[in-house]
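Worksheet for the structure shown next.
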Amino acid sequence: MLMKLDRRRLRALRVFFDPGRLRALTRRSEFGLSLAGAVVGIASGLAVTGMSLVSNELHQLIFGISDDERLSSSLIDDKLLLLTAPVMGGLLLGLLLFVLAKRRKKPMVDPIEANALHGGRLSLTDSIIVAVQNLISNGFGASVGLEAGYTQLAAGLASKFGLKLQLRRSDLRILVGCGAAGAIAAAFNAPLTGAFYAFELIIGTYTIVSLTPVVVSALVSTLVARLLAEGDFTIDIGSFGSVVPADYVPALLLGVFCAGVGILLMHGVAFVEELARKSSIAPPFRPALGGIIVGLLAVISPQVLSAGHGALHLNLSRDVAIPALIGLFLLKSLASAISIGSGFRGGLFFASLFMGALLGKLFAYCGPYFVDATLTPVIYAVVGMSSLAVAVIGGPLTMTFLALEITGDFPITALVLAAVITSSLVVRSTFGYSFATWRFHLRGESIRSAHDVGWIRNLTVEKLMRADVKTARAGISLEEFKQAFPIGSTQRVILVEESDKYAGLVLVPEIYANPTDVQDEGKALADFIRYRNDFLQPQMNARQAAAIFDKSESEALAVVNNLIERKVVGQLSESHTLRRYSEELDRRRREVSGEI
């Protein structure tokens with residue numbers, strides 16, 4: 001009897017998890033997409049917990065700290081260990097980079113780039129490699145956080161799952177956002193923060209359709225992380241009375257101050273990367289050299305090591321002298337810039353939170369006195385933490401909800417919201433990029449967010465053109481041309497030279513519409529050739545093609561293979577290009593509004 005029940009249950013599970021049924025359910029309903037988001041949330045929670053445990057084990061093994069200690073807040077007396085550990089990590093990472101340079105030629109894609117340009121397609125293998133690189137960097141003490149590895153691995157798992165289900169482009173992008181939401185939610189025990197991280201930074205927009213699966217993923221991932229590991233990133237702000245209108249003035253000024261510091265920090269990382277590129281040092285050796293500098297800084301203060309979780313709580317829970325705050329901020333910012341610029345893998349998410357908290361306390365201690373202001377240094381630290389993080393990472397609502405979930409105080413959240421909006425506005429107005437999109441800009445990419453622009457690049461001339469075109473030799477006579485193409489047979493004929501090189505385009509009605517005998521006037525076919533230097537190429541997108549149509553004032557143009565050979569491969573009309581472009585624009589609008 002028990003055997004029969006087990007078989008029935010197994011058969012029911014097989015039916016429920018049948019790929020075909022899951023695919024149909026996910027593609028047909030929002031409930032199915034939400035169910036897929038829950039699966040991604042489980043995977044994200046497991047990935048974050050696993051990476052966190054491996055990182056802690058590495059810290060204990062390499063630096064000899066206890067289970068309940070954080071690396072950046074530990075007292076490590078062995079100066080030689082502090083100096084050599086980042087160097088050893090750099091050597092190990094350099095060896096991995098050397099192997100990857102031999103085997104993998106394509107650049108690795110992160111979740112923002114995947115959603116902006118590739119419709120949510122991420123390589124799971126590349127994501128695992130990035131996570132391993134991040135673990136090596138963080139585990140050996142480089143001044144980087146694990147959040148980049150968390151989101152990369154979780155988003156890679158989500159993309160792989162979505163590709164297995166053969167999801168549509170828009171649904172796959174949402175599922176990648178679910179992975180990132182689950183990763184950040186599990187990392188900070190903050191589901192709202194994770195959800196809005198996905199909306200603002202990974203998906204690029206908020207829609208009714210994406211709300212449920214993203215929030216479900218964040219909630220499920222948080223629950224999984226809570227069940228598997230203890231840990232709660234909270235800040236006790238103490239008792240301070242109530243927030244008064246006068247408190248908003250210093251908070252706004254702190255937001256402006258953090259925006260300026262964030263821009264300088266991003267320029268600093270870019271400067272170190274550019275310095276490393278221009279040097280004669282091979283990429284596999286750069287992390288080890290960066291590790292030497294990080295190790296020297298760690299000898300001065302071990303608080304620069306790793307992400308800085310322990311150091312953040314250590315500096316919030318006690319009074320710190322102004323020179324010590326300034327020194328620690330400079331050391332941490334330099335260590336982070338050197339770590340990332342020299343090739344260590346990681347991000348500035350938690351580093352920006354830590355440095356922002358230091359700036360907030362520093363502002364509280366040495367800022368101007370404001371009449372009737374009631375804020376304490378710890379509250380300034382929370383405001384500075386969110387303001388610098390939004391300047392570097394982006395996502396005003398993400399950082400606002402993070403402040404809410406780590407403090408549990410609504411009045412402080414309103415104060416943080418005012419500061420982060422100010423910081424975000426200053427950065428966008430004066431600089432225009434977050435840290436991730438700034439690095440895309442340095443690589444030559446034009447994207448400034450995860451908003452889907454990949455469909456424009458995918459809507460190429462090659463996909464839009466007609467291959468069955470009428471061609472003729474440019475050297476034939478006018479009579480031969482008339483015999484080959486009688487009136488009404490076609491609208492346009494593309495002329496090519498003997499070497500099949502594009503020579504121009506002839507409008508057939510224009511020849512027959514001439515009221516006089518063209519032969520009596522001595523005219524030849526060459527007199528009717530147009531658009532000799534106006535043509536399209538297959539790799540152009542619809543927007544570029546529309547610009548050329550507008551410039552040439554032609555209703556249709558030839559498509560040539562390249563600028564050298566100029567062999568005709570097709571023809572494209574302006575009306576068809578604009579119609580397809582308009583259809584795709586309307587489709588994206590309907591996706592954003594939740595109609596599809």
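Ordering of the structure tokens sets the chain letters (A, B, ...); residue numbers start at 1 within each chain; ligands are numbered from 1 in the order shown.
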Where in range 35-161 of chain A does DSSP assign helix (DSSP H, G or I), given as a PyMOL selection string? chain A and resi 35-63+71-73+79-103+111-117+124-139+147-161
Test item: residues at most 9 Å from range 106-113 of chain A, only C-alpha atoms, excluding those fewer than 5 positions along its chain, as a list of chain:residue names: A:His118, A:Gly120, A:Arg121, A:Leu122, A:Ser123, A:Asp126, A:Ser127, A:Val130, A:Ala148, A:Thr151, A:Gln152, A:Ala155, A:Gly156, A:Val176, A:Gly177, A:Ala180, A:Leu201, A:Ile202, A:Ile203, A:Gly204, A:Ala436, A:Thr437, A:Phe440, A:Ile447, A:Ser449, A:Ala450, A:His451
Any idea what's packed within 7 Å of range 341-358 of chain A, counting only C-alpha atoms, ignoring anything in its chain fewer than 3 positions away? Could you give it as a PyMOL selection string? chain A and resi 133-134+137+144-149+269-270+272-273+276+286-287+290+307-308+312+325+329+337-338+361-362+381-382+384-389+393
I'd like the contact shell of Ala218 in chain A - 12 Å cut-off, only C-alpha atoms, skipping same-chain residues fewer than 3 positions apart - returned as a VMD selection string. chain A and resid 34 37 to 45 154 175 177 to 199 211 to 215 221 to 225
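For the pair CA of Ser333 in chain A and CA of Leu97 in chain A, the interatomic distance is 24.7 Å.
The protein and nucleic acid residues lying at most 7 Å from Gly90 in chain A are Pro86, Gly94, Pro287, Ala288 and Gly291 of chain A, with only C-alpha atoms considered and sequence neighbours fewer than 4 positions away removed.
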Name the closest residue to Lys160 in chain A among the candidates A:Ala36, A:Ile235, A:His267, A:Thr49; distances are taken between atoms, counting only C-alpha atoms. A:Ala36
